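Enquirer: Got a structure here, written out as structure tokens. Questions coming.
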Amino acid sequence: KPVIALVGRPNVGKSTLFNRLTRSRDALVADLPGLTRDRHYGEGRVGERPFLVIDTGGFEPVAKDGIMHEMAKQTKQAVAEADVVIFIVDGRQGLTPHDKTITDFLRKSGRSVMLVVNKAEGMKYTSVASDFYELGLGDPYVISAAHGDGVADLVEESLNLAFAQRPVDDEIEESSSKGIKIAIVGRPNVGKSTLVNALLGEDRVIAFDMPGTTRDAIEIPFERDEKQYTLIDTAGIRRRGKVFEAIEKFSVVKTLQSISEANVVLLLLDAQQDISEQDAHIAGFVLESGRALVVGINKWDGLTADRRDEIKIDIERKLNFLFFAKFHFISALKVTGIGPLMKSIDAAYAAAMAKLSTPKLTRALIEAIEHQQPRRKGSIRPKMRYAHQGGQNPPIVVIHGNALEAIDANYRRYLEKHFRETFSLVGTPLRIELRSSK
Ligand code: GDP
């Protein structure tokens, strides 16, 4: 899938455009405890064509240290790996020195850049645009992300550009895969390649290692206990094994790409080390994607009892937002714990693909309400009438009624929990959508 990166100074309107591109205004994950940050990674689709969007956050290219410096580093990597960069500037504020610095950086990156002047509602094209010609990035796209002016064209053009970078290949994906598609993700050195070897056998790994493949995900079918699976590899994991022992740089884009191709994500952690910010970040991507999830805590072999307790506590503390997933203690090296792990992958897939009928969902909804009414907000009492399924992988429960905007995050969580328990949905996020008819 092509990747579009949004770059620009803080507050120029990146997240508004991000929402337009991914239509993720509801940002349901924001309700989850332990995960309050904004969405920065999303999937969009135009017709049959899926794509990924990365909002790189505020880019202060000159920051030498601290959080801005970290963000600048991340942004640079995302830009290097993206197919198209949308560079957003603020039409109300006009051209700033930082915009020029960012332009220099983007030019050196060699990526395709689209210059977008935002916040231009009610302004004349020529007067807004003229300011920015000196950046030398060609005719700017003048838009208002908040009002939607010019956005449809921009989306269309950026996608055309993105898909032009990635000819063929994209089409074949769907048909060739069999069974559950699994992506193994985790930071470098947690044991991803070792686990892949354990699952596929060393010979297979080498056999599939063809040179000259694209940057897209590669699918490797395999069988286990007479069940079919497909491993998604974004040209990172399978490559190494014994042949490559190069130090791998963590790639956001590759990780997102494999997640987006998968039905179930297997997140690997390293039991010999504490849960890092990077682990939590990757877990956050999975959650945002809505894919089913199983967590493997690897390198369980040879740990002291104390260390085992320690890491369990650490996980509970730092990854509590993954409450819906099953955790397995495994050793990829000694090949232990893999059977139960695969069982959880099957179960997570089944939950993610569950078909929930309208009568059953509505019955569950009524049960939930009988047990606990939503609270009034002022004089408004939300009235929920029925529920139907709005999607799979993740399951989406759409609740219809009146004044549902008065329903708060707590009650939403209560509903989620109730549906989860009623339908035994383990291993998949569950999304609740509220639709009011006025
Ligand atoms: P990747 O970067 O996530 O693909 O990690 P690798 O599979 O390359 O593993 C990194 C290092 O951890 C290697 O030296 C492996 O031998 C070691 N390793 C992987 N899995 C295990 C395990 O289950 N137990 C132990 N003790 N070491 C492991």
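Each chain of the structure tokens is named A, B, ... in the order shown, its residues numbered from 1; ligands are numbered from 1 in display order.
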Please return as a PDB file with N, CA and C atoms, in the first residue's frame the residues found within 7 Å of ligand 1, counting only C-alpha atoms and all ligand atoms.

Expert:
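Below you can see result-v4.pdb, which holds the result:
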```pdb
ATOM      1  N   GLY A 186       7.300  -5.994  16.266  1.00  0.00           N
ATOM      2  CA  GLY A 186       8.011  -5.793  17.519  1.00  0.00           C
ATOM      3  C   GLY A 186       9.294  -5.065  17.217  1.00  0.00           C
ATOM      4  N   ARG A 187       9.888  -4.493  18.235  1.00  0.00           N
ATOM      5  CA  ARG A 187      11.110  -3.736  17.987  1.00  0.00           C
ATOM      6  C   ARG A 187      12.256  -4.689  17.652  1.00  0.00           C
ATOM      7  N   PRO A 188      13.355  -4.142  17.146  1.00  0.00           N
ATOM      8  CA  PRO A 188      14.466  -5.003  16.755  1.00  0.00           C
ATOM      9  C   PRO A 188      14.925  -5.865  17.920  1.00  0.00           C
ATOM     10  N   ASN A 189      15.308  -7.108  17.584  1.00  0.00           N
ATOM     11  CA  ASN A 189      15.911  -8.023  18.567  1.00  0.00           C
ATOM     12  C   ASN A 189      14.980  -8.688  19.560  1.00  0.00           C
ATOM     13  N   VAL A 190      13.689  -8.531  19.399  1.00  0.00           N
ATOM     14  CA  VAL A 190      12.782  -9.244  20.305  1.00  0.00           C
ATOM     15  C   VAL A 190      12.663 -10.709  19.910  1.00  0.00           C
ATOM     16  N   GLY A 191      13.093 -11.041  18.687  1.00  0.00           N
ATOM     17  CA  GLY A 191      13.068 -12.441  18.277  1.00  0.00           C
ATOM     18  C   GLY A 191      12.121 -12.747  17.129  1.00  0.00           C
ATOM     19  N   LYS A 192      11.807 -11.748  16.327  1.00  0.00           N
ATOM     20  CA  LYS A 192      10.860 -11.952  15.226  1.00  0.00           C
ATOM     21  C   LYS A 192      11.379 -12.981  14.222  1.00  0.00           C
ATOM     22  N   SER A 193      12.610 -12.798  13.756  1.00  0.00           N
ATOM     23  CA  SER A 193      13.130 -13.738  12.750  1.00  0.00           C
ATOM     24  C   SER A 193      13.256 -15.137  13.323  1.00  0.00           C
ATOM     25  N   THR A 194      13.665 -15.206  14.586  1.00  0.00           N
ATOM     26  CA  THR A 194      13.794 -16.519  15.213  1.00  0.00           C
ATOM     27  C   THR A 194      12.435 -17.225  15.229  1.00  0.00           C
ATOM     28  N   LEU A 195      11.398 -16.454  15.534  1.00  0.00           N
ATOM     29  CA  LEU A 195      10.060 -17.041  15.558  1.00  0.00           C
ATOM     30  C   LEU A 195       9.607 -17.442  14.149  1.00  0.00           C
ATOM     31  N   ILE A 237      11.862  -9.201   8.330  1.00  0.00           N
ATOM     32  CA  ILE A 237      12.045 -10.300   9.264  1.00  0.00           C
ATOM     33  C   ILE A 237      12.733 -11.486   8.613  1.00  0.00           C
ATOM     34  N   GLY A 241      17.757 -13.883   9.443  1.00  0.00           N
ATOM     35  CA  GLY A 241      18.166 -15.209   9.852  1.00  0.00           C
ATOM     36  C   GLY A 241      19.662 -15.203  10.041  1.00  0.00           C
ATOM     37  N   GLU A 248      19.200  -3.727  12.607  1.00  0.00           N
ATOM     38  CA  GLU A 248      18.021  -3.234  11.916  1.00  0.00           C
ATOM     39  C   GLU A 248      17.551  -1.938  12.565  1.00  0.00           C
ATOM     40  N   ASN A 298       8.526 -13.112  24.531  1.00  0.00           N
ATOM     41  CA  ASN A 298       9.542 -14.056  24.056  1.00  0.00           C
ATOM     42  C   ASN A 298      10.745 -14.103  24.999  1.00  0.00           C
ATOM     43  N   LYS A 299      11.588 -15.090  24.769  1.00  0.00           N
ATOM     44  CA  LYS A 299      12.817 -15.308  25.560  1.00  0.00           C
ATOM     45  C   LYS A 299      12.481 -15.687  26.991  1.00  0.00           C
ATOM     46  N   TRP A 300      11.420 -16.457  27.144  1.00  0.00           N
ATOM     47  CA  TRP A 300      10.965 -16.894  28.465  1.00  0.00           C
ATOM     48  C   TRP A 300      11.893 -17.976  29.025  1.00  0.00           C
ATOM     49  N   ASP A 301      12.679 -18.583  28.130  1.00  0.00           N
ATOM     50  CA  ASP A 301      13.617 -19.622  28.571  1.00  0.00           C
ATOM     51  C   ASP A 301      14.702 -19.000  29.446  1.00  0.00           C
ATOM     52  N   GLY A 302      15.078 -19.740  30.476  1.00  0.00           N
ATOM     53  CA  GLY A 302      16.220 -19.327  31.300  1.00  0.00           C
ATOM     54  C   GLY A 302      16.032 -18.061  32.115  1.00  0.00           C
ATOM     55  N   ILE A 330       6.601 -17.343  25.705  1.00  0.00           N
ATOM     56  CA  ILE A 330       7.141 -18.298  24.737  1.00  0.00           C
ATOM     57  C   ILE A 330       8.670 -18.214  24.636  1.00  0.00           C
ATOM     58  N   SER A 331       9.219 -19.206  23.972  1.00  0.00           N
ATOM     59  CA  SER A 331      10.612 -19.112  23.564  1.00  0.00           C
ATOM     60  C   SER A 331      10.696 -19.504  22.093  1.00  0.00           C
ATOM     61  N   ALA A 332      11.041 -18.531  21.280  1.00  0.00           N
ATOM     62  CA  ALA A 332      11.174 -18.805  19.843  1.00  0.00           C
ATOM     63  C   ALA A 332      12.402 -19.677  19.613  1.00  0.00           C
ATOM     64  N   LEU A 333      13.403 -19.481  20.446  1.00  0.00           N
ATOM     65  CA  LEU A 333      14.665 -20.204  20.309  1.00  0.00           C
ATOM     66  C   LEU A 333      14.488 -21.679  20.655  1.00  0.00           C
ATOM     67  N   LYS A 334      13.849 -21.963  21.779  1.00  0.00           N
ATOM     68  CA  LYS A 334      13.643 -23.339  22.232  1.00  0.00           C
ATOM     69  C   LYS A 334      12.337 -23.914  21.684  1.00  0.00           C
TER      70      LYS A 334
END
```

Enquirer: Would you mind listing what lies within 10 Å of Arg381 in chain A as a PyMOL selection string, with only C-alpha atoms counted and same-chain residues fewer than 4 positions away left out?

Expert: chain A and resi 373-377+402-407

Enquirer: I want to know what sits within 8 Å of range 85-94 of chain A, based on only C-alpha atoms, with residues of the same chain fewer than 2 positions away left out; could you give that as a CSV table (one decimal) with N, CA and C atoms, in the first residue's frame?

Expert:
```csv
chain,number,residue,atom,x,y,z
A,4,ILE,N,1.4,7.9,2.5
A,4,ILE,CA,1.4,9.4,2.4
A,4,ILE,C,1.8,9.9,3.7
A,5,ALA,N,2.8,10.8,3.8
A,5,ALA,CA,3.2,11.4,5.0
A,5,ALA,C,2.8,12.9,5.1
A,6,LEU,N,2.2,13.3,6.2
A,6,LEU,CA,1.8,14.7,6.3
A,6,LEU,C,2.9,15.4,7.2
A,7,VAL,N,3.5,16.4,6.6
A,7,VAL,CA,4.6,17.1,7.3
A,7,VAL,C,4.2,18.6,7.4
A,8,GLY,N,4.7,19.3,8.4
A,8,GLY,CA,4.5,20.7,8.6
A,8,GLY,C,4.7,21.1,10.0
A,9,ARG,N,4.8,22.4,10.2
A,9,ARG,CA,5.0,22.9,11.6
A,9,ARG,C,3.8,22.6,12.4
A,12,VAL,N,-0.6,23.7,11.8
A,12,VAL,CA,-1.0,24.2,10.4
A,12,VAL,C,-2.2,23.4,9.9
A,13,GLY,N,-2.7,22.4,10.6
A,13,GLY,CA,-3.9,21.7,10.3
A,13,GLY,C,-3.6,20.3,9.8
A,14,LYS,N,-2.5,19.7,10.2
A,14,LYS,CA,-2.2,18.3,9.8
A,14,LYS,C,-3.3,17.3,10.2
A,79,VAL,N,9.5,10.3,6.3
A,79,VAL,CA,9.6,11.0,5.0
A,79,VAL,C,10.4,10.1,4.0
A,82,ALA,N,8.2,7.2,2.9
A,82,ALA,CA,6.9,7.5,2.3
A,82,ALA,C,6.9,7.6,0.7
A,83,ASP,N,5.8,7.4,0.1
A,83,ASP,CA,5.8,7.5,-1.4
A,83,ASP,C,5.5,9.0,-1.7
A,96,THR,N,6.9,31.2,6.6
A,96,THR,CA,7.8,31.5,7.8
A,96,THR,C,9.2,30.8,7.5
A,99,ASP,N,9.3,27.1,7.5
A,99,ASP,CA,8.8,26.5,6.3
A,99,ASP,C,9.9,26.3,5.3
A,111,ARG,N,11.9,12.9,-2.3
A,111,ARG,CA,10.5,12.4,-2.3
A,111,ARG,C,9.6,13.3,-3.2
A,112,SER,N,8.5,12.8,-3.7
A,112,SER,CA,7.5,13.6,-4.3
A,112,SER,C,6.8,14.4,-3.3
A,113,VAL,N,6.8,15.7,-3.5
A,113,VAL,CA,6.2,16.6,-2.4
A,113,VAL,C,5.1,17.4,-3.0
A,114,MET,N,4.0,17.5,-2.3
A,114,MET,CA,2.9,18.3,-2.7
A,114,MET,C,2.8,19.4,-1.7
A,115,LEU,N,2.8,20.7,-2.2
A,115,LEU,CA,2.7,21.8,-1.2
A,115,LEU,C,1.3,22.2,-1.1
A,116,VAL,N,0.8,22.2,0.2
A,116,VAL,CA,-0.6,22.6,0.4
A,116,VAL,C,-0.7,23.8,1.3
A,117,VAL,N,-1.4,24.8,0.9
A,117,VAL,CA,-1.7,25.9,1.7
A,117,VAL,C,-3.0,25.8,2.4
A,118,ASN,N,-3.0,25.7,3.7
A,118,ASN,CA,-4.3,25.4,4.4
A,118,ASN,C,-4.8,26.7,5.0
A,119,LYS,N,-6.0,26.6,5.5
A,119,LYS,CA,-6.8,27.6,6.2
A,119,LYS,C,-7.1,28.8,5.3
A,120,ALA,N,-7.4,28.4,4.0
A,120,ALA,CA,-7.5,29.5,3.0
A,120,ALA,C,-9.0,29.8,2.8
A,128,VAL,N,-3.2,34.1,-1.7
A,128,VAL,CA,-2.7,33.1,-0.8
A,128,VAL,C,-1.5,32.4,-1.4
A,129,ALA,N,-1.6,32.0,-2.6
A,129,ALA,CA,-0.6,31.2,-3.2
A,129,ALA,C,0.7,31.9,-3.4
A,131,ASP,N,2.6,34.0,-2.0
A,131,ASP,CA,3.5,34.0,-0.9
A,131,ASP,C,4.5,32.7,-0.9
A,132,PHE,N,3.9,31.6,-1.4
A,132,PHE,CA,4.6,30.4,-1.3
A,132,PHE,C,5.4,29.9,-2.5
A,158,SER,N,-3.1,13.4,-4.7
A,158,SER,CA,-2.0,12.7,-3.9
A,158,SER,C,-2.0,11.2,-4.1
```

Enquirer: Would you list the contacts of range 222-229 of chain A as a list in words, taking every protein, DNA or RNA residue within 8 Å and counting only C-alpha atoms, but skipping same-chain residues closer than 2 positions in sequence?

Expert: Lys178, Gly179, Ile180, Lys181, Ile182, Leu200, Ile220 and Leu231 of chain A

Enquirer: Take the residues from that selection and put them in a file with C-alpha atoms, as a compact mmCIF listing (two decimals), in the first residue's frame.

Expert:
```txt
# COMPACT_ATOMS: atom_id res chain seq x y z
CA LYS A 178 -4.76 -18.39 2.14
CA GLY A 179 -6.02 -18.66 5.68
CA ILE A 180 -5.34 -16.24 8.47
CA LYS A 181 -2.95 -13.45 7.58
CA ILE A 182 -0.47 -12.89 10.39
CA LEU A 200 8.43 -21.92 8.74
CA ILE A 220 4.41 -16.50 2.72
CA LEU A 231 2.74 -14.72 7.07
```

Enquirer: Between A:Phe59, A:Lys312, A:Ile432, A:Thr75, which one has atoms that come closest to Tyr414 in chain A, using only C-alpha atoms?

Expert: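 So, comparing all the options, the nearest one is A:Ile432.
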
Enquirer: Which parts of range 269-435 of chain A does DSSP call strand (DSSP E or B) when run on the backbone here, written out as a PyMOL selection string?

Expert: chain A and resi 269-270+292-298+326-329+331+336+377+380+383-391+396-402+431-435

Enquirer: Return as a ChimeraX atom specification the full set of residues in range 56-152 of chain A whose backbone-based DSSP assignment is alpha helix (DSSP H).

Expert: /A:66-81,97-109,125-130,151-152

Enquirer: For the selection just defined, write its residues with N, CA and C atoms to a file, as a compact mmCIF listing (two decimals), in the first residue's frame.

Expert:
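Wrote result-v2.txt, looks like this:
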```txt
# COMPACT_ATOMS: atom_id res chain seq x y z
N GLY A 66 15.65 17.08 23.06
CA GLY A 66 14.32 17.06 23.65
C GLY A 66 13.30 16.41 22.73
N ILE A 67 12.06 16.58 23.08
CA ILE A 67 10.98 15.89 22.39
C ILE A 67 10.88 16.31 20.92
N MET A 68 11.11 17.61 20.65
CA MET A 68 11.02 18.09 19.28
C MET A 68 12.11 17.46 18.41
N HIS A 69 13.26 17.26 19.00
CA HIS A 69 14.35 16.63 18.28
C HIS A 69 13.98 15.17 17.95
N GLU A 70 13.41 14.48 18.93
CA GLU A 70 12.97 13.10 18.71
C GLU A 70 11.95 13.05 17.58
N MET A 71 11.01 14.00 17.63
CA MET A 71 9.97 14.01 16.61
C MET A 71 10.55 14.29 15.24
N ALA A 72 11.54 15.17 15.21
CA ALA A 72 12.17 15.48 13.93
C ALA A 72 12.84 14.24 13.36
N LYS A 73 13.46 13.46 14.24
CA LYS A 73 14.11 12.22 13.79
C LYS A 73 13.10 11.25 13.19
N GLN A 74 11.99 11.10 13.92
CA GLN A 74 10.92 10.21 13.45
C GLN A 74 10.36 10.70 12.11
N THR A 75 10.19 12.02 12.05
CA THR A 75 9.63 12.59 10.82
C THR A 75 10.55 12.30 9.65
N LYS A 76 11.84 12.46 9.87
CA LYS A 76 12.78 12.24 8.78
C LYS A 76 12.71 10.81 8.27
N GLN A 77 12.58 9.88 9.21
CA GLN A 77 12.49 8.50 8.77
C GLN A 77 11.19 8.24 8.01
N ALA A 78 10.10 8.78 8.53
CA ALA A 78 8.81 8.59 7.85
C ALA A 78 8.86 9.17 6.44
N VAL A 79 9.48 10.33 6.30
CA VAL A 79 9.59 10.96 4.98
C VAL A 79 10.41 10.08 4.04
N ALA A 80 11.50 9.54 4.56
CA ALA A 80 12.37 8.71 3.73
C ALA A 80 11.62 7.49 3.20
N GLU A 81 10.64 7.01 3.95
CA GLU A 81 9.96 5.78 3.57
C GLU A 81 8.62 6.00 2.89
N PRO A 97 10.17 31.27 8.26
CA PRO A 97 11.51 30.71 8.06
C PRO A 97 11.54 29.19 8.23
N HIS A 98 10.77 28.70 9.18
CA HIS A 98 10.73 27.24 9.38
C HIS A 98 10.24 26.51 8.15
N ASP A 99 9.26 27.11 7.48
CA ASP A 99 8.75 26.49 6.26
C ASP A 99 9.89 26.31 5.26
N LYS A 100 10.79 27.29 5.23
CA LYS A 100 11.91 27.22 4.30
C LYS A 100 12.88 26.10 4.69
N THR A 101 13.13 25.98 5.98
CA THR A 101 14.02 24.91 6.45
C THR A 101 13.43 23.55 6.10
N ILE A 102 12.14 23.41 6.34
CA ILE A 102 11.49 22.13 6.04
C ILE A 102 11.59 21.85 4.53
N THR A 103 11.38 22.90 3.74
CA THR A 103 11.48 22.73 2.29
C THR A 103 12.85 22.20 1.87
N ASP A 104 13.90 22.79 2.46
CA ASP A 104 15.26 22.33 2.13
C ASP A 104 15.42 20.85 2.44
N PHE A 105 14.93 20.47 3.61
CA PHE A 105 15.03 19.07 4.00
C PHE A 105 14.26 18.17 3.02
N LEU A 106 13.05 18.59 2.69
CA LEU A 106 12.22 17.76 1.80
C LEU A 106 12.86 17.63 0.43
N ARG A 107 13.46 18.71 -0.02
CA ARG A 107 14.08 18.66 -1.34
C ARG A 107 15.22 17.64 -1.36
N LYS A 108 16.00 17.65 -0.28
CA LYS A 108 17.12 16.69 -0.19
C LYS A 108 16.63 15.25 -0.10
N SER A 109 15.44 15.07 0.44
CA SER A 109 14.93 13.70 0.62
C SER A 109 14.61 13.04 -0.72
N TYR A 125 -7.30 32.70 -4.34
CA TYR A 125 -6.21 31.77 -4.64
C TYR A 125 -4.90 32.50 -4.87
N THR A 126 -4.95 33.48 -5.75
CA THR A 126 -3.69 34.14 -6.14
C THR A 126 -3.00 34.81 -4.96
N SER A 127 -3.80 35.45 -4.11
CA SER A 127 -3.16 36.16 -3.00
C SER A 127 -2.57 35.18 -1.98
N VAL A 128 -3.24 34.06 -1.75
CA VAL A 128 -2.71 33.09 -0.79
C VAL A 128 -1.48 32.40 -1.36
N ALA A 129 -1.61 32.00 -2.62
CA ALA A 129 -0.58 31.15 -3.21
C ALA A 129 0.73 31.89 -3.44
N SER A 130 0.61 33.19 -3.80
CA SER A 130 1.79 33.92 -4.28
C SER A 130 2.94 33.89 -3.27
N VAL A 151 -10.25 19.82 -0.75
CA VAL A 151 -9.68 18.61 -0.18
C VAL A 151 -9.87 17.39 -1.10
N ALA A 152 -11.04 17.29 -1.70
CA ALA A 152 -11.31 16.13 -2.56
C ALA A 152 -10.29 16.06 -3.69
```

Enquirer: Quick one: of A:Ser251, A:Gln273, A:Asn160, A:Gln165, who's nearest to Leu303 in chain A, counting only C-alpha atoms?

Expert: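 For Leu303 in chain A, the nearest of the candidates is A:Gln273.
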
Enquirer: Kindly give the distance, in Å, that separates CA of Val398 in chain A and CA of Leu322 in chain A, rounded to a single decimal.

Expert: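 Going from CA of Val398 in chain A over to CA of Leu322 in chain A covers 22.3 Å.
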
Enquirer: Which residues are close to Ala183 in chain A, i.e. within 12 Å by only C-alpha atoms, leaving aside same-chain residues fewer than 5 positions away? Reply as JSON, numbers by chain.

Expert: {"A": [192, 193, 195, 196, 217, 218, 219, 220, 229, 230, 231, 232, 233, 234, 235, 236, 237, 238, 254, 255, 256, 257, 258, 259, 260, 261, 262, 263, 264, 265, 266, 267, 268, 286, 291, 292, 293, 294, 295, 345]}

Enquirer: Write a file of the selected residues as a short mmCIF file (atom, residue, chain, number, x, y, z; two decimals), in the first residue's frame, keeping C-alpha atoms.

Expert:
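Writing done, so here's part-v2.cif:
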```cif
data_model
loop_
_atom_site.label_atom_id
_atom_site.label_comp_id
_atom_site.auth_asym_id
_atom_site.auth_seq_id
_atom_site.Cartn_x
_atom_site.Cartn_y
_atom_site.Cartn_z
CA LYS A 192 10.86 -11.95 15.23
CA SER A 193 13.13 -13.74 12.75
CA LEU A 195 10.06 -17.04 15.56
CA VAL A 196 9.55 -16.95 11.81
CA ALA A 217 4.64 -6.74 1.97
CA ILE A 218 5.38 -10.26 0.86
CA GLU A 219 3.07 -13.12 1.72
CA ILE A 220 4.41 -16.50 2.72
CA TYR A 229 -1.87 -19.37 7.44
CA THR A 230 -0.13 -16.60 5.57
CA LEU A 231 2.74 -14.72 7.07
CA ILE A 232 3.00 -11.08 6.06
CA ASP A 233 6.57 -9.94 5.81
CA THR A 234 7.61 -6.43 4.97
CA ALA A 235 11.03 -7.47 3.76
CA GLY A 236 12.54 -7.25 7.18
CA ILE A 237 12.05 -10.30 9.26
CA ARG A 238 12.52 -13.19 6.91
CA LYS A 254 7.10 -1.20 7.36
CA THR A 255 5.43 -2.00 10.63
CA LEU A 256 2.28 -0.16 9.63
CA GLN A 257 2.30 -1.80 6.27
CA SER A 258 2.43 -5.30 7.63
CA ILE A 259 -0.21 -4.52 10.23
CA SER A 260 -2.50 -3.13 7.58
CA GLU A 261 -2.21 -6.30 5.48
CA ALA A 262 -2.91 -8.65 8.38
CA ASN A 263 -5.96 -10.13 10.01
CA VAL A 264 -4.14 -10.89 13.22
CA VAL A 265 -1.06 -9.13 14.57
CA LEU A 266 1.38 -11.01 16.73
CA LEU A 267 3.15 -8.47 18.90
CA LEU A 268 6.43 -9.78 20.25
CA VAL A 286 -2.02 -2.18 16.39
CA ARG A 291 -6.62 -5.63 13.83
CA ALA A 292 -6.91 -8.66 16.08
CA LEU A 293 -3.98 -9.05 18.44
CA VAL A 294 -2.05 -11.74 20.27
CA VAL A 295 0.95 -10.85 22.41
CA ILE A 345 -4.33 -16.56 16.89
#
```

Enquirer: Tell me, as a PyMOL selection string, which residues lie within 9 Å of Ala354 in chain A, counting only C-alpha atoms; anything in the same chain fewer than 2 positions away does not count.

Expert: chain A and resi 349-352+356+392-393+395+423+425

Enquirer: Output C-alpha atoms for every residue in that selection, as a compact mmCIF listing (two decimals), in the first residue's frame.

Expert:
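What ended up in part-v9.txt:
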```txt
# COMPACT_ATOMS: atom_id res chain seq x y z
CA TYR A 349 -9.32 -14.34 14.14
CA ALA A 350 -12.63 -16.05 14.84
CA ALA A 351 -13.61 -13.23 17.19
CA ALA A 352 -12.54 -10.57 14.70
CA LEU A 356 -23.34 -10.83 14.97
CA GLN A 392 -15.63 -7.11 10.77
CA ASN A 393 -11.96 -7.26 11.72
CA PRO A 395 -16.23 -6.01 14.69
CA PHE A 423 -20.33 -12.74 22.36
CA LEU A 425 -14.94 -11.68 21.77
```

Enquirer: Record the distance separating CA of Val252 in chain A and CA of Gly58 in chain A, expressed in Å with one decimal.

Expert: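 Distance reported for this atom pair: 16.8 Å.
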
Enquirer: When you look at range 16-21 of chain A with a cut-off of 7 Å (counting only C-alpha atoms), what residues show up, excluding the ones that are within fewer than 6 positions of it in the same chain? I need them as JSON, numbers by chain.

Expert: {"A": [44, 55, 145, 146, 155]}
